[in-house]
>>> print(open('upload-v1.tsv').read())   # TSV, C-alpha atoms
chain	number	residue	atom	x	y	z
L	14	MET	CA	-6.42	50.13	-85.36
L	15	ASN	CA	-8.05	49.70	-88.76
L	16	ALA	CA	-8.37	45.97	-89.31
L	17	MET	CA	-6.98	46.11	-92.83
L	18	ASN	CA	-3.77	47.78	-91.68
L	19	ALA	CA	-2.84	44.53	-89.94
L	20	PHE	CA	-2.68	42.58	-93.21
L	21	SER	CA	0.60	42.15	-95.02
L	22	PRO	CA	0.39	42.38	-98.84
L	23	THR	CA	0.95	38.62	-99.10
L	24	GLN	CA	-1.86	37.78	-96.71
L	25	ALA	CA	-4.18	40.29	-98.36
L	26	ASP	CA	-3.53	38.63	-101.72
L	27	ALA	CA	-4.31	35.20	-100.26
L	28	ALA	CA	-7.48	36.44	-98.61
L	29	SER	CA	-8.54	38.03	-101.88
L	30	ALA	CA	-8.06	34.79	-103.81
L	31	LEU	CA	-9.78	32.50	-101.31
L	32	GLY	CA	-12.05	34.90	-99.49
L	33	THR	CA	-11.49	35.76	-95.85
L	34	GLY	CA	-13.69	34.51	-93.04
L	35	VAL	CA	-16.01	37.05	-91.43
L	36	TYR	CA	-17.56	36.52	-88.00
L	37	ILE	CA	-20.31	38.74	-86.59
L	38	HIS	CA	-21.12	38.50	-82.89
L	39	VAL	CA	-24.72	39.21	-81.94
L	40	PRO	CA	-24.72	39.77	-78.16
L	41	PHE	CA	-28.43	39.30	-77.39
L	42	CYS	CA	-30.31	36.32	-75.92
L	43	ALA	CA	-33.91	35.77	-74.85
L	44	SER	CA	-32.51	34.24	-71.64
L	45	LYS	CA	-29.13	33.14	-70.37
L	46	CYS	CA	-28.43	29.40	-70.09
L	47	ALA	CA	-26.97	28.40	-66.74
L	48	TYR	CA	-23.85	26.81	-68.24
L	49	CYS	CA	-23.02	29.52	-70.81
L	50	ASP	CA	-20.08	31.91	-70.46
L	51	PHE	CA	-20.23	33.38	-73.97
L	52	TYR	CA	-20.71	37.13	-73.99
L	53	SER	CA	-24.39	38.06	-74.31
L	54	ARG	CA	-27.11	40.17	-72.72
L	55	VAL	CA	-30.75	39.38	-72.13
L	56	ARG	CA	-31.89	42.99	-72.59
L	57	ARG	CA	-32.39	43.99	-76.22
L	58	ASP	CA	-33.17	47.70	-75.90
L	59	GLN	CA	-29.64	48.42	-77.16
L	60	LYS	CA	-30.18	46.66	-80.48
L	61	GLU	CA	-30.42	49.86	-82.54
L	62	GLY	CA	-27.20	51.21	-81.06
L	63	TYR	CA	-25.52	47.86	-81.64
L	64	LEU	CA	-26.53	47.77	-85.31
L	65	SER	CA	-25.31	51.34	-85.80
L	66	ALA	CA	-21.93	50.58	-84.20
L	67	LEU	CA	-21.61	47.25	-86.00
L	68	THR	CA	-22.25	48.65	-89.47
L	69	ALA	CA	-19.87	51.54	-88.73
L	70	GLU	CA	-17.19	49.05	-87.69
L	71	ILE	CA	-17.69	47.00	-90.85
L	72	ARG	CA	-17.48	50.09	-93.06
L	73	ARG	CA	-14.20	51.10	-91.40
L	74	ALA	CA	-12.76	47.79	-92.53
L	75	SER	CA	-13.25	48.63	-96.19
L	76	ALA	CA	-10.45	47.35	-98.42
L	77	GLU	CA	-10.92	46.85	-102.13
L	78	SER	CA	-8.77	43.71	-102.29
L	79	LEU	CA	-10.71	41.69	-99.67
L	80	ARG	CA	-13.78	39.54	-100.21
L	81	THR	CA	-15.87	37.44	-97.83
L	82	GLY	CA	-15.39	33.71	-98.44
L	83	SER	CA	-17.40	32.60	-95.41
L	84	LEU	CA	-19.74	34.50	-93.11
L	85	PHE	CA	-20.80	33.30	-89.67
L	86	PHE	CA	-23.34	34.97	-87.37
L	87	GLY	CA	-22.77	33.76	-83.81
L	88	GLY	CA	-23.73	34.86	-80.35
L	89	GLY	CA	-25.72	35.21	-78.30
L	90	THR	CA	-28.73	34.33	-80.40
L	91	PRO	CA	-28.43	35.82	-83.91
L	92	SER	CA	-31.82	34.42	-84.88
L	93	LEU	CA	-33.38	37.12	-82.68
L	94	LEU	CA	-32.52	39.72	-85.33
L	95	GLU	CA	-35.18	40.79	-87.83
L	96	LYS	CA	-35.06	40.82	-91.63
L	97	GLU	CA	-34.35	44.56	-91.67
L	98	ASP	CA	-31.45	44.08	-89.25
L	99	PHE	CA	-29.79	41.51	-91.48
L	100	GLU	CA	-30.36	43.70	-94.54
L	101	ARG	CA	-28.48	46.56	-92.83
L	102	ILE	CA	-25.56	44.26	-92.05
L	103	PHE	CA	-25.43	42.75	-95.53
L	104	SER	CA	-25.54	46.24	-97.02
L	105	ALA	CA	-22.53	47.29	-94.95
L	106	LEU	CA	-20.66	44.15	-95.99
L	107	SER	CA	-21.43	44.68	-99.68
L	108	GLY	CA	-19.57	47.99	-99.58
L	109	SER	CA	-16.58	46.80	-97.53
L	110	LEU	CA	-16.13	43.04	-97.79
L	111	PRO	CA	-18.30	41.85	-100.70
L	112	ILE	CA	-19.50	38.28	-100.36
L	113	LEU	CA	-18.05	35.94	-102.97
L	114	PRO	CA	-20.42	33.75	-105.03
L	115	GLY	CA	-20.82	30.38	-103.33
L	116	ALA	CA	-19.71	31.68	-99.93
L	117	GLU	CA	-20.87	29.67	-96.92
L	118	ILE	CA	-23.22	31.89	-94.89
L	119	THR	CA	-24.13	30.45	-91.49
L	120	LEU	CA	-26.60	31.52	-88.83
L	121	GLU	CA	-26.62	30.14	-85.28
L	122	ALA	CA	-30.21	29.74	-84.12
L	123	ASN	CA	-32.15	28.54	-81.12
L	124	PRO	CA	-35.13	26.37	-82.14
L	125	GLU	CA	-37.69	28.47	-80.28
L	126	THR	CA	-36.69	31.66	-82.11
L	127	VAL	CA	-37.53	30.54	-85.64
L	128	SER	CA	-40.74	29.90	-87.58
L	129	PRO	CA	-41.46	28.63	-91.10
L	130	ASP	CA	-41.84	32.25	-92.24
L	131	SER	CA	-38.63	33.47	-90.61
L	132	LEU	CA	-36.68	30.52	-92.03
L	133	ARG	CA	-37.93	31.26	-95.54
L	134	THR	CA	-36.90	34.88	-95.02
L	135	LEU	CA	-33.43	33.85	-93.86
L	136	ARG	CA	-33.02	31.62	-96.89
L	137	SER	CA	-34.11	34.45	-99.20
L	138	LEU	CA	-31.53	36.76	-97.61
L	139	GLY	CA	-28.75	34.38	-98.66
L	140	PHE	CA	-28.19	32.18	-95.61
L	141	ASN	CA	-27.31	28.70	-96.87
L	142	ARG	CA	-26.28	27.03	-93.59
L	143	ILE	CA	-28.02	27.05	-90.21
L	144	SER	CA	-26.80	25.68	-86.89
L	145	PHE	CA	-29.39	24.82	-84.24
L	146	GLY	CA	-28.46	24.57	-80.57
L	147	VAL	CA	-30.40	21.38	-79.76
L	148	GLN	CA	-28.08	19.95	-77.03
L	149	SER	CA	-30.23	16.90	-76.18
L	150	ALA	CA	-33.33	14.99	-77.28
L	151	VAL	CA	-34.32	14.40	-73.63
L	152	ASP	CA	-36.52	17.14	-72.23
L	153	ARG	CA	-35.40	16.62	-68.62
L	154	GLU	CA	-31.84	17.30	-69.70
L	155	LEU	CA	-32.92	20.37	-71.68
L	156	ARG	CA	-34.69	21.76	-68.62
L	157	ALA	CA	-31.61	21.15	-66.49
L	158	LEU	CA	-29.54	23.13	-69.00
L	159	GLY	CA	-32.03	25.98	-68.92
L	160	ARG	CA	-32.96	25.60	-72.58
L	161	ARG	CA	-36.27	27.15	-73.59
L	162	HIS	CA	-37.18	24.52	-76.20
L	163	THR	CA	-38.32	20.91	-76.05
L	164	PHE	CA	-36.92	18.35	-78.43
L	165	ALA	CA	-40.26	18.28	-80.24
L	166	ARG	CA	-39.83	22.01	-80.89
L	167	ALA	CA	-36.26	21.46	-82.08
L	168	LYS	CA	-37.45	18.79	-84.49
L	169	GLU	CA	-40.14	21.14	-85.82
L	170	ALA	CA	-37.49	23.83	-86.41
L	171	PHE	CA	-35.24	21.36	-88.22
L	172	LEU	CA	-38.01	20.15	-90.53
L	173	ALA	CA	-39.15	23.74	-91.17
L	174	ALA	CA	-35.59	24.68	-92.13
L	175	GLN	CA	-35.51	21.83	-94.63
L	176	GLU	CA	-38.86	22.93	-96.02
L	177	ALA	CA	-37.50	26.49	-96.36
L	178	GLY	CA	-34.68	25.20	-98.56
L	179	PHE	CA	-31.80	24.69	-96.15
L	180	ASP	CA	-29.81	21.64	-97.22
L	181	ASN	CA	-26.86	22.27	-94.90
L	182	ILE	CA	-28.08	22.02	-91.30
L	183	SER	CA	-25.89	21.55	-88.24
L	184	LEU	CA	-27.05	20.48	-84.80
L	185	ASP	CA	-25.20	21.10	-81.53
L	186	LEU	CA	-25.26	18.37	-78.86
L	187	MET	CA	-23.72	18.37	-75.39
L	188	LEU	CA	-22.14	15.48	-73.50
L	189	GLY	CA	-21.73	15.05	-69.76
L	190	ILE	CA	-24.70	17.27	-68.93
L	191	PRO	CA	-26.87	16.93	-65.81
L	192	PHE	CA	-28.85	13.67	-65.64
L	193	GLN	CA	-27.40	12.30	-68.88
L	194	THR	CA	-26.85	8.53	-68.91
L	195	ALA	CA	-25.59	6.08	-71.48
L	196	GLU	CA	-29.22	5.18	-72.21
L	197	SER	CA	-30.38	8.79	-72.59
L	198	LEU	CA	-27.43	9.53	-74.88
L	199	ASP	CA	-28.39	6.56	-77.05
L	200	ALA	CA	-31.92	7.97	-77.23
L	201	THR	CA	-30.59	11.39	-78.25
L	202	LEU	CA	-28.36	9.93	-80.96
L	203	SER	CA	-31.22	7.80	-82.29
L	204	GLU	CA	-33.57	10.79	-82.51
L	205	VAL	CA	-30.98	13.07	-84.06
L	206	LEU	CA	-29.71	10.58	-86.62
L	207	ALA	CA	-33.29	9.96	-87.73
L	208	LEU	CA	-33.26	13.59	-88.91
L	209	ARG	CA	-30.01	13.06	-90.84
L	210	PRO	CA	-28.45	16.51	-90.36
L	211	GLN	CA	-25.48	17.30	-92.56
L	212	HIS	CA	-23.31	18.30	-89.60
L	213	LEU	CA	-23.11	17.65	-85.86
L	214	SER	CA	-21.10	19.42	-83.18
L	215	CYS	CA	-20.79	17.39	-79.97
L	216	TYR	CA	-19.28	19.29	-77.05
L	217	LEU	CA	-18.29	18.08	-73.61
L	218	LEU	CA	-19.82	20.26	-70.92
L	219	LYS	CA	-17.24	22.42	-69.18
L	220	ILE	CA	-18.51	24.19	-66.09
L	221	GLU	CA	-16.99	27.65	-66.28
L	222	GLU	CA	-16.26	29.80	-63.24
L	223	GLY	CA	-18.82	32.57	-62.80
L	224	THR	CA	-21.74	30.71	-64.36
L	225	PRO	CA	-24.84	29.60	-62.40
L	226	PHE	CA	-23.75	25.99	-62.97
L	227	TYR	CA	-20.46	26.76	-61.21
L	228	ARG	CA	-22.12	28.51	-58.29
L	229	ARG	CA	-24.60	25.72	-57.63
L	230	HIS	CA	-22.09	22.87	-58.18
L	231	ALA	CA	-23.99	21.35	-61.08
L	232	GLU	CA	-21.26	18.75	-61.46
L	233	LYS	CA	-22.97	16.73	-58.72
L	234	ASP	CA	-25.76	15.94	-61.23
L	235	CYS	CA	-23.35	15.11	-64.06
L	236	ALA	CA	-21.69	11.87	-65.06
L	237	SER	CA	-18.15	11.19	-63.88
L	238	ASP	CA	-15.18	12.02	-66.09
L	239	ASP	CA	-14.80	8.34	-67.01
L	240	GLU	CA	-18.48	8.05	-67.91
L	241	THR	CA	-18.30	11.23	-69.99
L	242	ALA	CA	-15.27	9.84	-71.80
L	243	ASP	CA	-17.33	6.77	-72.63
L	244	PHE	CA	-20.11	9.05	-73.91
L	245	TYR	CA	-17.64	10.74	-76.26
L	246	LEU	CA	-16.33	7.45	-77.62
L	247	THR	CA	-19.92	6.22	-78.05
L	248	VAL	CA	-20.67	9.32	-80.14
L	249	CYS	CA	-17.54	8.74	-82.23
L	250	ARG	CA	-18.45	5.11	-82.94
L	251	THR	CA	-22.13	5.77	-83.58
L	252	LEU	CA	-21.58	8.68	-85.94
L	253	ALA	CA	-18.85	6.83	-87.84
L	254	LYS	CA	-21.26	3.94	-88.46
L	255	ALA	CA	-23.83	6.46	-89.67
L	256	GLY	CA	-21.41	7.84	-92.27
L	257	TYR	CA	-20.18	10.99	-90.50
L	258	HIS	CA	-16.56	12.08	-90.84
L	259	HIS	CA	-14.98	13.02	-87.50
L	260	TYR	CA	-12.94	15.89	-88.90
L	261	GLU	CA	-12.32	17.91	-85.71
L	262	ILE	CA	-12.32	17.07	-82.00
L	263	SER	CA	-15.96	18.09	-81.52
L	264	ASN	CA	-17.24	18.10	-85.11
L	265	PHE	CA	-18.67	15.50	-87.45
L	266	ALA	CA	-19.96	15.94	-90.99
L	267	LEU	CA	-21.36	14.02	-93.90
L	268	PRO	CA	-18.82	14.13	-96.76
L	269	GLY	CA	-18.52	17.64	-98.15
L	270	PHE	CA	-20.37	19.35	-95.31
L	271	GLU	CA	-17.48	20.25	-93.02
L	272	SER	CA	-17.80	23.83	-91.74
L	273	ARG	CA	-15.74	25.87	-94.18
L	274	HIS	CA	-15.78	28.87	-91.86
L	275	ASN	CA	-14.61	27.03	-88.75
L	276	LEU	CA	-11.88	25.27	-90.71
L	277	LYS	CA	-10.35	28.71	-91.21
L	278	TYR	CA	-9.88	28.95	-87.44
L	279	TRP	CA	-8.23	25.56	-87.12
L	280	ARG	CA	-6.03	26.01	-90.18
L	281	ASP	CA	-4.85	29.39	-88.91
L	282	GLU	CA	-6.21	31.24	-91.92
L	283	PRO	CA	-7.18	34.94	-91.76
L	284	TYR	CA	-10.58	36.01	-90.51
L	285	LEU	CA	-12.17	39.21	-89.29
L	286	GLY	CA	-14.52	39.52	-86.32
L	287	PHE	CA	-17.06	42.30	-85.80
L	288	GLY	CA	-19.15	43.14	-82.74
L	289	PRO	CA	-18.35	43.09	-79.01
L	290	ALA	CA	-16.22	40.09	-77.97
L	291	ALA	CA	-15.39	39.21	-81.59
L	292	HIS	CA	-11.87	38.02	-82.41
L	293	SER	CA	-9.79	38.44	-85.55
L	294	CYS	CA	-6.72	36.65	-86.86
L	295	LEU	CA	-4.58	38.96	-88.97
L	296	HIS	CA	-0.98	38.84	-90.11
L	297	GLU	CA	1.14	37.88	-87.10
L	298	LYS	CA	-1.52	39.14	-84.70
L	299	ARG	CA	-4.62	37.97	-82.91
L	300	LEU	CA	-6.85	40.87	-81.99
L	301	TYR	CA	-10.14	41.11	-80.19
L	302	ASN	CA	-12.94	43.49	-79.35
L	303	PRO	CA	-13.62	43.92	-75.63
L	304	SER	CA	-16.51	41.92	-74.19
L	305	ASP	CA	-18.33	45.11	-73.30
L	306	LEU	CA	-21.38	46.24	-75.26
L	307	ASP	CA	-21.55	49.62	-73.51
L	308	ARG	CA	-17.96	50.37	-74.47
L	309	TYR	CA	-18.63	49.18	-78.00
L	310	LEU	CA	-21.62	51.49	-78.33
L	311	ALA	CA	-19.85	54.47	-76.80
L	312	SER	CA	-17.04	54.16	-79.35
L	313	ASP	CA	-19.46	53.61	-82.26
L	314	GLY	CA	-17.59	50.38	-82.95
L	315	ASP	CA	-14.22	52.16	-83.07
L	316	CYS	CA	-12.80	50.28	-80.07
L	317	ALA	CA	-12.61	47.35	-82.45
L	318	LEU	CA	-9.35	45.44	-82.75
L	319	SER	CA	-7.65	47.74	-80.28
L	320	GLU	CA	-6.46	45.12	-77.83
L	321	ASP	CA	-3.74	42.57	-78.57
L	322	ASP	CA	-4.64	39.04	-77.60
L	323	ALA	CA	-1.66	36.95	-78.73
L	324	PRO	CA	0.67	36.55	-81.70
L	325	ALA	CA	-0.67	34.54	-84.61
L	326	GLY	CA	1.03	32.00	-86.81
L	327	THR	CA	3.60	30.76	-84.30
L	328	ALA	CA	4.68	27.13	-84.30
L	329	ASP	CA	2.92	26.45	-80.99
L	330	GLU	CA	-0.32	27.89	-82.31
L	331	ARG	CA	-0.19	25.96	-85.58
L	332	LEU	CA	0.57	22.73	-83.72
L	333	MET	CA	-2.23	23.30	-81.21
L	334	LEU	CA	-4.85	24.18	-83.82
L	335	GLY	CA	-3.74	21.61	-86.38
L	336	LEU	CA	-3.88	18.75	-83.90
L	337	ARG	CA	-7.57	19.50	-83.30
L	338	LEU	CA	-8.21	18.24	-86.83
L	339	SER	CA	-8.28	14.57	-87.73
L	340	GLU	CA	-6.06	15.42	-90.71
L	341	GLY	CA	-3.37	16.36	-88.20
L	342	ILE	CA	-0.19	18.31	-88.91
L	343	SER	CA	2.87	18.10	-91.13
L	344	LEU	CA	6.06	19.18	-89.38
L	345	SER	CA	7.68	20.37	-92.61
L	346	ASP	CA	4.58	22.36	-93.55
L	347	ILE	CA	4.55	24.10	-90.17
L	348	ALA	CA	8.29	24.80	-90.47
L	349	ARG	CA	7.67	26.55	-93.81
L	350	LYS	CA	4.98	28.77	-92.28
L	351	ALA	CA	6.48	29.34	-88.82
L	352	PRO	CA	10.19	30.25	-88.75
L	353	ASP	CA	10.29	29.61	-84.99
L	354	PHE	CA	9.75	25.89	-85.65
L	355	THR	CA	13.45	25.15	-85.96
L	356	PRO	CA	14.93	21.72	-86.75
L	357	SER	CA	15.75	21.21	-83.07
L	358	ARG	CA	12.15	21.97	-82.08
L	359	GLN	CA	10.91	19.57	-84.74
L	360	ARG	CA	13.12	16.83	-83.30
L	361	SER	CA	11.92	17.69	-79.79
L	362	PHE	CA	8.29	17.44	-80.89
L	363	SER	CA	8.85	14.03	-82.53
L	364	GLU	CA	10.62	12.73	-79.43
L	365	LYS	CA	7.82	13.91	-77.13
L	366	ALA	CA	5.15	12.48	-79.44
L	367	ALA	CA	6.74	9.02	-79.65
L	368	PRO	CA	5.42	7.64	-76.32
L	369	PHE	CA	1.92	8.92	-77.13
L	370	VAL	CA	2.06	7.15	-80.49
L	371	ARG	CA	3.06	3.92	-78.72
L	372	ALA	CA	0.19	4.41	-76.26
L	373	GLY	CA	-2.37	4.74	-79.07
L	374	LEU	CA	-3.15	8.37	-78.31
L	375	MET	CA	-1.49	9.64	-81.48
L	376	GLU	CA	-0.55	8.43	-84.91
L	377	GLY	CA	2.74	9.58	-86.42
L	378	ASP	CA	5.55	8.67	-88.78
L	379	GLY	CA	8.10	11.35	-87.89
L	380	GLU	CA	6.65	13.87	-90.34
L	381	HIS	CA	2.88	13.70	-90.03
L	382	PHE	CA	1.09	13.48	-86.67
L	383	SER	CA	-2.55	13.34	-85.62
L	384	LEU	CA	-4.54	12.49	-82.51
L	385	THR	CA	-6.58	9.33	-82.28
L	386	GLU	CA	-10.08	9.57	-80.86
L	387	ARG	CA	-8.71	8.46	-77.48
L	388	GLY	CA	-6.09	11.16	-77.80
L	389	MET	CA	-8.71	13.77	-78.62
L	390	LEU	CA	-10.32	13.01	-75.26
L	391	VAL	CA	-7.16	14.12	-73.45
L	392	SER	CA	-5.97	16.67	-76.00
L	393	ASN	CA	-5.33	19.38	-73.42
L	394	MET	CA	-3.00	17.13	-71.47
L	395	LEU	CA	-1.21	15.97	-74.63
L	396	LEU	CA	-0.75	19.51	-75.93
L	397	ALA	CA	0.63	20.66	-72.57
L	398	GLU	CA	3.28	17.94	-72.82
L	399	LEU	CA	4.01	18.37	-76.52
L	400	LEU	CA	4.33	22.16	-76.38
L	401	ASP	CA	6.36	22.30	-73.17
L	402	TRP	CA	9.58	23.40	-74.77
>>> encode(input="upload-v1.tsv", output="structure tokens")
Amino acid sequence: MNAMNAFSPTQADAASALGTGVYIHVPFCASKCAYCDFYSRVRRDQKEGYLSALTAEIRRASAESLRTGSLFFGGGTPSLLEKEDFERIFSALSGSLPILPGAEITLEANPETVSPDSLRTLRSLGFNRISFGVQSAVDRELRALGRRHTFARAKEAFLAAQEAGFDNISLDLMLGIPFQTAESLDATLSEVLALRPQHLSCYLLKIEEGTPFYRRHAEKDCASDDETADFYLTVCRTLAKAGYHHYEISNFALPGFESRHNLKYWRDEPYLGFGPAAHSCLHEKRLYNPSDLDRYLASDGDCALSEDDAPAGTADERLMLGLRLSEGISLSDIARKAPDFTPSRQRSFSEKAAPFVRAGLMEGDGEHFSLTERGMLVSNMLLAELLDW
């Protein structure tokens, strides 16, 4: 399926006015972290084939009415690509999905893969936002995660990015990781806040089936669920005092530095994904590329968007995504966008939410609802109850 064929005229017009989100998945890593279940490969001898298939896939998506409003390179480790690789990708985009002036252009990077020279090159190519996977400021915890960098190296990368001209830097941290304690978390937050990044993503470790962490029962070295919940609330309090807006369950930003690209996901706005394992959200459909680089290469990128994932824009989806945001959801707004959100379902939602509001897990007035920070901790449980029609 050609990606553009999935757009209705109305959605295409909206994407043209605001710019659609574009995600590019780079499936290569220098090594695989023991907790990670994102699709990536350590071998990089297939890079040339990947770039050929990727640029072919992007060119197939050509549509004169669409422009790129935000661009996000994720992975994998996109910072392993070279200047010439990025130039090929940007060239393909310029002919198919031209990047709008002022677009947010983000690169995920591991600290050990960048240098002052490479960061200056990235900035000259047009990247204006960089996200470093730091995870912890405690080296013992980094080693337990299988990270290749020390915190000293992460700090060097951060300062070099600033020197290269990046003024929108995000850092990823993880909570509930092996050997983490309340004291070590305080140390991490102190070190990180001294750098004053514009954005922080703070994720609770989830041990996924099939990972080395799962096979070796890494949970025995991790804090209990109650302790990890305390870690999360500590992060919320500490970052709020430091001036960060807790705008999404796992994300905090200084005013004006919320991730414009990721907000498209949570607001159920259109975006296109390119590369193996990339997902797209198009009119009434969620589509994805198979997590299979060999298949992607064999098809020259033409297996893209061939497999249905789930319908998009339903009431359940808008409720689930909207409640991840601190701004919450408006029942009448969802009803306008999702015809399946009938008056009876709206009443049912309000009735189910009422006890959670009384318990302090939600805030709501019958029309607008949002999760409190305590509610965000148990969001999966709340959503299971709220969406159990």
>>> closest_residue(input="upload-v1.tsv", among="L:Glu61, L:Glu196, L:Glu117, L:Asp50", to="Leu94 of chain L", atoms="all atoms listed in the file")
L:Glu61
>>> residues_around(input="upload-v1.tsv", residues="Ser107 of chain L", least_positions_apart="4", cutoff="12 Å", atoms="only C-alpha atoms", output="JSON, numbers by chain")
{"L": [68, 71, 72, 74, 75, 76, 77, 79, 80, 81, 100, 101, 102, 103, 111, 112, 113]}
>>> residues_around(input="upload-v1.tsv", residues="Ser53 of chain L", least_positions_apart="4", cutoff="9 Å", atoms="all atoms listed in the file", output="ChimeraX atom specification")
/L:39-42,45,88-90,304,306
>>> closest_residue(input="upload-v1.tsv", among="L:Gly34, L:Arg161, L:Ala311, L:Ser104", to="Arg280 of chain L", atoms="all atoms listed in the file")
L:Gly34
>>> residues_around(input="upload-v1.tsv", residues="Pro289 of chain L", least_positions_apart="2", cutoff="10 Å", atoms="all atoms listed in the file", output="PyMOL selection string")
chain L and resi 37-40+52-53+63+66-67+88+286-287+291-292+301-310+314+316-317
>>> residues_around(input="upload-v1.tsv", residues="Glu380 of chain L", least_positions_apart="5", cutoff="9 Å", atoms="only C-alpha atoms", output="ChimeraX atom specification")
/L:342-345,363
>>> residues_around(input="upload-v1.tsv", residues="Ser197 of chain L", least_positions_apart="6", cutoff="9 Å", atoms="all atoms listed in the file", output="PyMOL selection string")
chain L and resi 149-151
>>> closest_residue(input="upload-v1.tsv", among="L:Asp315, L:Pro368, L:Leu300, L:Leu106", to="Glu70 of chain L", atoms="only C-alpha atoms")
L:Asp315
>>> closest_residue(input="upload-v1.tsv", among="L:Leu202, L:Thr251, L:His258, L:Gly62", to="Asp98 of chain L", atoms="only C-alpha atoms")
L:Gly62
>>> closest_residue(input="upload-v1.tsv", among="L:Ala165, L:Met333, L:Gly341, L:Ser65", to="Ala397 of chain L", atoms="all atoms listed in the file")
L:Met333
>>> atom_distance(input="upload-v1.tsv", atom1="atom CA of Ser131 of chain L", atom2="atom CA of Ala290 of chain L")
26.6 Å
>>> closest_residue(input="upload-v1.tsv", among="L:Ser339, L:Ser144, L:Thr201, L:Ser392", to="Phe85 of chain L", atoms="all atoms listed in the file")
L:Ser144
>>> atom_distance(input="upload-v1.tsv", atom1="atom CA of Gly178 of chain L", atom2="atom CA of Arg133 of chain L")
7.5 Å
>>> atom_distance(input="upload-v1.tsv", atom1="atom CA of Gln148 of chain L", atom2="atom CA of Pro191 of chain L")
11.7 Å
>>> residues_near_point(input="upload-v1.tsv", point="(8.9, 19.5, -88.3)", cutoff="12 Å", atoms="all atoms listed in the file", output="PyMOL selection string")
chain L and resi 328-329+331-332+342-364+366+377-382
